[in-house]
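*Asks:* Could you have a look at this structure, given as structure tokens, before my questions?
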Amino acid sequence: MEKFPFTSLGFDQLQHALYALTNPELEMEAALVREHFDTWISQHFDLTESQLLFLAAIDPKLKAFLAFETSFAMGNRLPILLLKTSTASTPEEEQGKIIRPKSTLAAAWGNEMTFHASGTLVIEILYGT
């Protein structure tokens, strides 16, 4: 699969390509996101050296949360939105980068119903000092 720019549009294009996969292929991609988040991100997006360094430095607790939520949404073909300011204007803004995931992801199952997943994952990346 080709690499996409790490922008809102690039993320949408990747999601479109992923959701065109068969269920087994998509399940494999979702497992890779969950188990190898950094590698999966770097293999699917054109990232700068500073973006790769930032990715490696993300707090492990946030990274685990992002990996699980992204994997769940992807594996169930739910919408994932990347809301990202294009780039930091100054090195000071780059240092103030904030990742703020928000989700309405939910799941249900019962004796008389099949598994059902719903919701949206929004990953917001902001710059500020």
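As shown in the structure tokens, the chain order sets the letters A, B, ...; within each chain, residues go from 1, and ligands are also counted from 1 in the order they appear.
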Would you mind listing what lies within 7 Å of stretch 105-109 of chain A as a list of chain:residue names, with only C-alpha atoms counted and same-chain residues fewer than 4 positions away left out?
*Replies:*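 Neighbouring residues, sequence-local ones excluded: A:Met113, A:Thr114, A:Phe115, A:His116, A:Ala117, A:Ser118, A:Gly119, A:Thr120, A:Leu121.
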*Asks:* Using DSSP on the backbone coordinates, identify all residues within stretch 4-125 of chain A classified as strand (DSSP E or B); present the result as a PyMOL selection string.
*Replies:* chain A and resi 4-5+45-46+80-84+98-103+106-110+113-118+121-125
*Asks:* For A:Gly10, please output as a ChimeraX atom specification all residues within 10 Å (counting only C-alpha atoms; exclusion window: fewer than 6 positions along the same chain).
*Replies:* /A:3-4,16,44-46,82
*Asks:* Within 12 Å of A:Pro60, counting only C-alpha atoms, which residues show up once you throw out same-chain ones fewer than 5 positions away? Write them as a PyMOL selection string, please.
*Replies:* chain A and resi 37-38+55+65-67
*Asks:* Restricting the output to C-alpha atoms, write the selected residues as a PDB file, in the first residue's frame.
*Replies:*
```
ATOM      1  CA  PHE A  37       1.659   1.323  16.270  1.00  0.00           C
ATOM      2  CA  ASP A  38       4.874   3.232  15.437  1.00  0.00           C
ATOM      3  CA  LEU A  55       6.067   9.609  17.301  1.00  0.00           C
ATOM      4  CA  PHE A  65      -4.810   4.267  23.941  1.00  0.00           C
ATOM      5  CA  LEU A  66      -4.406   5.531  20.359  1.00  0.00           C
ATOM      6  CA  ALA A  67      -3.411   2.070  19.145  1.00  0.00           C
TER       7      ALA A  67
END
```
*Asks:* Which neighbours of A:Thr70 fall inside 12 Å, counting only C-alpha atoms, when residues of the same chain fewer than 2 positions from it are skipped, and could you give them as an NGL selection string?
*Replies:* :A and (15 or 27 or 29-37 or 40-41 or 62-68 or 72-82 or 101-103 or 105 or 119-123)
*Asks:* Residues of chain A classed as helix (DSSP H, G or I) by DSSP on the backbone are to be reported as a PDB file with N, CA and C atoms, in the first residue's frame.
*Replies:*
```pdb
ATOM      1  N   SER A   8      -5.089  15.764   7.124  1.00  0.00           N
ATOM      2  CA  SER A   8      -6.479  15.302   7.208  1.00  0.00           C
ATOM      3  C   SER A   8      -6.879  14.584   5.919  1.00  0.00           C
ATOM      4  N   LEU A   9      -6.531  15.164   4.772  1.00  0.00           N
ATOM      5  CA  LEU A   9      -6.867  14.552   3.492  1.00  0.00           C
ATOM      6  C   LEU A   9      -6.131  13.232   3.302  1.00  0.00           C
ATOM      7  N   GLY A  10      -4.847  13.196   3.629  1.00  0.00           N
ATOM      8  CA  GLY A  10      -4.070  11.964   3.514  1.00  0.00           C
ATOM      9  C   GLY A  10      -4.637  10.861   4.390  1.00  0.00           C
ATOM     10  N   PHE A  11      -5.072  11.230   5.589  1.00  0.00           N
ATOM     11  CA  PHE A  11      -5.668  10.249   6.499  1.00  0.00           C
ATOM     12  C   PHE A  11      -6.971   9.712   5.909  1.00  0.00           C
ATOM     13  N   ASP A  12      -7.782  10.598   5.331  1.00  0.00           N
ATOM     14  CA  ASP A  12      -9.030  10.172   4.680  1.00  0.00           C
ATOM     15  C   ASP A  12      -8.740   9.224   3.513  1.00  0.00           C
ATOM     16  N   GLN A  13      -7.707   9.541   2.737  1.00  0.00           N
ATOM     17  CA  GLN A  13      -7.353   8.688   1.598  1.00  0.00           C
ATOM     18  C   GLN A  13      -6.898   7.310   2.060  1.00  0.00           C
ATOM     19  N   LEU A  14      -6.110   7.268   3.124  1.00  0.00           N
ATOM     20  CA  LEU A  14      -5.671   5.985   3.668  1.00  0.00           C
ATOM     21  C   LEU A  14      -6.870   5.193   4.181  1.00  0.00           C
ATOM     22  N   GLN A  15      -7.753   5.857   4.903  1.00  0.00           N
ATOM     23  CA  GLN A  15      -8.926   5.170   5.434  1.00  0.00           C
ATOM     24  C   GLN A  15      -9.771   4.586   4.291  1.00  0.00           C
ATOM     25  N   HIS A  16      -9.935   5.345   3.219  1.00  0.00           N
ATOM     26  CA  HIS A  16     -10.689   4.862   2.058  1.00  0.00           C
ATOM     27  C   HIS A  16     -10.023   3.605   1.477  1.00  0.00           C
ATOM     28  N   ALA A  17      -8.707   3.621   1.345  1.00  0.00           N
ATOM     29  CA  ALA A  17      -7.976   2.466   0.811  1.00  0.00           C
ATOM     30  C   ALA A  17      -8.103   1.264   1.744  1.00  0.00           C
ATOM     31  N   LEU A  18      -8.006   1.504   3.051  1.00  0.00           N
ATOM     32  CA  LEU A  18      -8.112   0.411   4.013  1.00  0.00           C
ATOM     33  C   LEU A  18      -9.507  -0.206   4.009  1.00  0.00           C
ATOM     34  N   TYR A  19     -10.533   0.638   3.952  1.00  0.00           N
ATOM     35  CA  TYR A  19     -11.901   0.138   4.031  1.00  0.00           C
ATOM     36  C   TYR A  19     -12.335  -0.547   2.734  1.00  0.00           C
ATOM     37  N   ASN A  23     -12.473  -8.173   4.655  1.00  0.00           N
ATOM     38  CA  ASN A  23     -12.512  -8.221   6.119  1.00  0.00           C
ATOM     39  C   ASN A  23     -11.247  -8.846   6.712  1.00  0.00           C
ATOM     40  N   PRO A  24     -10.773 -10.000   6.212  1.00  0.00           N
ATOM     41  CA  PRO A  24      -9.539 -10.564   6.774  1.00  0.00           C
ATOM     42  C   PRO A  24      -8.325  -9.640   6.615  1.00  0.00           C
ATOM     43  N   GLU A  25      -8.223  -8.981   5.466  1.00  0.00           N
ATOM     44  CA  GLU A  25      -7.100  -8.052   5.250  1.00  0.00           C
ATOM     45  C   GLU A  25      -7.195  -6.865   6.210  1.00  0.00           C
ATOM     46  N   LEU A  26      -8.395  -6.343   6.389  1.00  0.00           N
ATOM     47  CA  LEU A  26      -8.572  -5.209   7.298  1.00  0.00           C
ATOM     48  C   LEU A  26      -8.312  -5.618   8.739  1.00  0.00           C
ATOM     49  N   GLU A  27      -8.745  -6.807   9.123  1.00  0.00           N
ATOM     50  CA  GLU A  27      -8.479  -7.310  10.478  1.00  0.00           C
ATOM     51  C   GLU A  27      -6.980  -7.418  10.726  1.00  0.00           C
ATOM     52  N   MET A  28      -6.225  -7.817   9.709  1.00  0.00           N
ATOM     53  CA  MET A  28      -4.769  -7.900   9.853  1.00  0.00           C
ATOM     54  C   MET A  28      -4.171  -6.505  10.043  1.00  0.00           C
ATOM     55  N   GLU A  29      -4.631  -5.533   9.258  1.00  0.00           N
ATOM     56  CA  GLU A  29      -4.158  -4.152   9.413  1.00  0.00           C
ATOM     57  C   GLU A  29      -4.496  -3.616  10.804  1.00  0.00           C
ATOM     58  N   ALA A  30      -5.707  -3.900  11.279  1.00  0.00           N
ATOM     59  CA  ALA A  30      -6.120  -3.436  12.608  1.00  0.00           C
ATOM     60  C   ALA A  30      -5.238  -4.050  13.700  1.00  0.00           C
ATOM     61  N   ALA A  31      -4.897  -5.314  13.548  1.00  0.00           N
ATOM     62  CA  ALA A  31      -4.011  -5.970  14.517  1.00  0.00           C
ATOM     63  C   ALA A  31      -2.620  -5.347  14.489  1.00  0.00           C
ATOM     64  N   LEU A  32      -2.134  -5.009  13.295  1.00  0.00           N
ATOM     65  CA  LEU A  32      -0.820  -4.373  13.197  1.00  0.00           C
ATOM     66  C   LEU A  32      -0.808  -3.001  13.856  1.00  0.00           C
ATOM     67  N   VAL A  33      -1.891  -2.230  13.703  1.00  0.00           N
ATOM     68  CA  VAL A  33      -1.983  -0.930  14.382  1.00  0.00           C
ATOM     69  C   VAL A  33      -1.888  -1.131  15.887  1.00  0.00           C
ATOM     70  N   ARG A  34      -2.637  -2.090  16.400  1.00  0.00           N
ATOM     71  CA  ARG A  34      -2.699  -2.333  17.845  1.00  0.00           C
ATOM     72  C   ARG A  34      -1.354  -2.827  18.392  1.00  0.00           C
ATOM     73  N   GLU A  35      -0.688  -3.693  17.648  1.00  0.00           N
ATOM     74  CA  GLU A  35       0.521  -4.343  18.163  1.00  0.00           C
ATOM     75  C   GLU A  35       1.822  -3.630  17.802  1.00  0.00           C
ATOM     76  N   PHE A  37       2.187   0.014  16.627  1.00  0.00           N
ATOM     77  CA  PHE A  37       1.659   1.323  16.270  1.00  0.00           C
ATOM     78  C   PHE A  37       2.671   2.182  15.511  1.00  0.00           C
ATOM     79  N   ASP A  38       3.860   2.371  16.072  1.00  0.00           N
ATOM     80  CA  ASP A  38       4.874   3.232  15.437  1.00  0.00           C
ATOM     81  C   ASP A  38       5.230   2.737  14.037  1.00  0.00           C
ATOM     82  N   THR A  39       5.463   1.447  13.916  1.00  0.00           N
ATOM     83  CA  THR A  39       5.837   0.871  12.627  1.00  0.00           C
ATOM     84  C   THR A  39       4.713   1.043  11.617  1.00  0.00           C
ATOM     85  N   TRP A  40       3.480   0.763  12.048  1.00  0.00           N
ATOM     86  CA  TRP A  40       2.340   0.886  11.130  1.00  0.00           C
ATOM     87  C   TRP A  40       2.191   2.327  10.647  1.00  0.00           C
ATOM     88  N   ILE A  41       2.282   3.282  11.559  1.00  0.00           N
ATOM     89  CA  ILE A  41       2.158   4.698  11.185  1.00  0.00           C
ATOM     90  C   ILE A  41       3.259   5.075  10.191  1.00  0.00           C
ATOM     91  N   SER A  42       4.493   4.698  10.487  1.00  0.00           N
ATOM     92  CA  SER A  42       5.608   5.083   9.609  1.00  0.00           C
ATOM     93  C   SER A  42       5.555   4.377   8.256  1.00  0.00           C
ATOM     94  N   GLN A  43       4.901   3.213   8.170  1.00  0.00           N
ATOM     95  CA  GLN A  43       4.784   2.511   6.892  1.00  0.00           C
ATOM     96  C   GLN A  43       3.631   3.034   6.038  1.00  0.00           C
ATOM     97  N   HIS A  44       2.695   3.778   6.637  1.00  0.00           N
ATOM     98  CA  HIS A  44       1.521   4.230   5.903  1.00  0.00           C
ATOM     99  C   HIS A  44       1.483   5.739   5.657  1.00  0.00           C
ATOM    100  N   GLU A  49      11.544  13.670   9.581  1.00  0.00           N
ATOM    101  CA  GLU A  49      12.383  13.172  10.682  1.00  0.00           C
ATOM    102  C   GLU A  49      11.856  13.671  12.027  1.00  0.00           C
ATOM    103  N   SER A  50      11.433  14.932  12.110  1.00  0.00           N
ATOM    104  CA  SER A  50      10.918  15.450  13.386  1.00  0.00           C
ATOM    105  C   SER A  50       9.600  14.766  13.760  1.00  0.00           C
ATOM    106  N   GLN A  51       8.775  14.411  12.773  1.00  0.00           N
ATOM    107  CA  GLN A  51       7.544  13.683  13.076  1.00  0.00           C
ATOM    108  C   GLN A  51       7.845  12.278  13.585  1.00  0.00           C
ATOM    109  N   LEU A  52       8.852  11.626  13.009  1.00  0.00           N
ATOM    110  CA  LEU A  52       9.248  10.296  13.484  1.00  0.00           C
ATOM    111  C   LEU A  52       9.776  10.359  14.921  1.00  0.00           C
ATOM    112  N   LEU A  53      10.561  11.401  15.203  1.00  0.00           N
ATOM    113  CA  LEU A  53      11.076  11.567  16.571  1.00  0.00           C
ATOM    114  C   LEU A  53       9.934  11.828  17.547  1.00  0.00           C
ATOM    115  N   PHE A  54       8.971  12.648  17.141  1.00  0.00           N
ATOM    116  CA  PHE A  54       7.821  12.927  18.000  1.00  0.00           C
ATOM    117  C   PHE A  54       7.016  11.651  18.237  1.00  0.00           C
ATOM    118  N   LEU A  55       6.791  10.875  17.182  1.00  0.00           N
ATOM    119  CA  LEU A  55       6.067   9.609  17.301  1.00  0.00           C
ATOM    120  C   LEU A  55       6.737   8.689  18.313  1.00  0.00           C
ATOM    121  N   ALA A  56       8.046   8.593  18.243  1.00  0.00           N
ATOM    122  CA  ALA A  56       8.793   7.734  19.173  1.00  0.00           C
ATOM    123  C   ALA A  56       8.710   8.239  20.606  1.00  0.00           C
ATOM    124  N   ALA A  57       8.509   9.548  20.779  1.00  0.00           N
ATOM    125  CA  ALA A  57       8.508  10.139  22.120  1.00  0.00           C
ATOM    126  C   ALA A  57       7.123  10.208  22.770  1.00  0.00           C
ATOM    127  N   PRO A  60       3.884   6.354  26.390  1.00  0.00           N
ATOM    128  CA  PRO A  60       3.392   4.999  26.104  1.00  0.00           C
ATOM    129  C   PRO A  60       1.914   4.787  26.451  1.00  0.00           C
ATOM    130  N   LYS A  61       1.422   5.469  27.482  1.00  0.00           N
ATOM    131  CA  LYS A  61       0.002   5.312  27.843  1.00  0.00           C
ATOM    132  C   LYS A  61      -0.900   5.897  26.758  1.00  0.00           C
ATOM    133  N   LEU A  62      -0.538   7.056  26.234  1.00  0.00           N
ATOM    134  CA  LEU A  62      -1.329   7.647  25.156  1.00  0.00           C
ATOM    135  C   LEU A  62      -1.205   6.804  23.887  1.00  0.00           C
ATOM    136  N   LYS A  63       0.008   6.323  23.618  1.00  0.00           N
ATOM    137  CA  LYS A  63       0.215   5.504  22.427  1.00  0.00           C
ATOM    138  C   LYS A  63      -0.628   4.227  22.495  1.00  0.00           C
ATOM    139  N   ALA A  64      -0.688   3.591  23.660  1.00  0.00           N
ATOM    140  CA  ALA A  64      -1.504   2.383  23.817  1.00  0.00           C
ATOM    141  C   ALA A  64      -2.986   2.700  23.603  1.00  0.00           C
ATOM    142  N   PHE A  65      -3.426   3.833  24.117  1.00  0.00           N
ATOM    143  CA  PHE A  65      -4.810   4.267  23.941  1.00  0.00           C
ATOM    144  C   PHE A  65      -5.113   4.512  22.459  1.00  0.00           C
ATOM    145  N   LEU A  66      -4.237   5.262  21.787  1.00  0.00           N
ATOM    146  CA  LEU A  66      -4.406   5.531  20.359  1.00  0.00           C
ATOM    147  C   LEU A  66      -4.405   4.237  19.545  1.00  0.00           C
ATOM    148  N   ALA A  67      -3.508   3.331  19.876  1.00  0.00           N
ATOM    149  CA  ALA A  67      -3.411   2.070  19.145  1.00  0.00           C
ATOM    150  C   ALA A  67      -4.687   1.258  19.297  1.00  0.00           C
ATOM    151  N   PHE A  68      -5.202   1.161  20.520  1.00  0.00           N
ATOM    152  CA  PHE A  68      -6.421   0.378  20.731  1.00  0.00           C
ATOM    153  C   PHE A  68      -7.616   1.016  20.044  1.00  0.00           C
ATOM    154  N   GLU A  69      -7.813   2.317  20.260  1.00  0.00           N
ATOM    155  CA  GLU A  69      -8.970   3.003  19.688  1.00  0.00           C
ATOM    156  C   GLU A  69      -8.930   2.976  18.159  1.00  0.00           C
ATOM    157  N   THR A  70      -7.754   3.217  17.579  1.00  0.00           N
ATOM    158  CA  THR A  70      -7.615   3.203  16.128  1.00  0.00           C
ATOM    159  C   THR A  70      -7.875   1.807  15.583  1.00  0.00           C
ATOM    160  N   SER A  71      -7.324   0.796  16.235  1.00  0.00           N
ATOM    161  CA  SER A  71      -7.524  -0.582  15.814  1.00  0.00           C
ATOM    162  C   SER A  71      -8.997  -0.973  15.878  1.00  0.00           C
ATOM    163  N   PHE A  72      -9.672  -0.600  16.961  1.00  0.00           N
ATOM    164  CA  PHE A  72     -11.091  -0.930  17.122  1.00  0.00           C
ATOM    165  C   PHE A  72     -11.921  -0.255  16.035  1.00  0.00           C
ATOM    166  N   ALA A  73     -11.699   1.044  15.846  1.00  0.00           N
ATOM    167  CA  ALA A  73     -12.458   1.780  14.826  1.00  0.00           C
ATOM    168  C   ALA A  73     -12.187   1.199  13.441  1.00  0.00           C
ATOM    169  N   MET A  74     -10.934   0.987  13.123  1.00  0.00           N
ATOM    170  CA  MET A  74     -10.563   0.467  11.812  1.00  0.00           C
ATOM    171  C   MET A  74     -11.140  -0.931  11.596  1.00  0.00           C
ATOM    172  N   GLY A  75     -10.970  -1.797  12.564  1.00  0.00           N
ATOM    173  CA  GLY A  75     -11.440  -3.176  12.430  1.00  0.00           C
ATOM    174  C   GLY A  75     -12.942  -3.278  12.260  1.00  0.00           C
ATOM    175  N   PRO A  91       9.705  26.732  15.886  1.00  0.00           N
ATOM    176  CA  PRO A  91      10.173  25.615  16.715  1.00  0.00           C
ATOM    177  C   PRO A  91       9.489  25.588  18.082  1.00  0.00           C
ATOM    178  N   GLU A  92       9.136  26.762  18.597  1.00  0.00           N
ATOM    179  CA  GLU A  92       8.457  26.812  19.896  1.00  0.00           C
ATOM    180  C   GLU A  92       7.079  26.154  19.811  1.00  0.00           C
ATOM    181  N   GLU A  93       6.357  26.415  18.697  1.00  0.00           N
ATOM    182  CA  GLU A  93       5.058  25.778  18.518  1.00  0.00           C
ATOM    183  C   GLU A  93       5.210  24.266  18.382  1.00  0.00           C
ATOM    184  N   GLU A  94       6.248  23.815  17.675  1.00  0.00           N
ATOM    185  CA  GLU A  94       6.486  22.380  17.515  1.00  0.00           C
ATOM    186  C   GLU A  94       6.645  21.719  18.884  1.00  0.00           C
ATOM    187  N   GLN A  95       7.308  22.405  19.808  1.00  0.00           N
ATOM    188  CA  GLN A  95       7.495  21.871  21.150  1.00  0.00           C
ATOM    189  C   GLN A  95       6.173  21.812  21.920  1.00  0.00           C
TER     190      GLN A  95
END
```
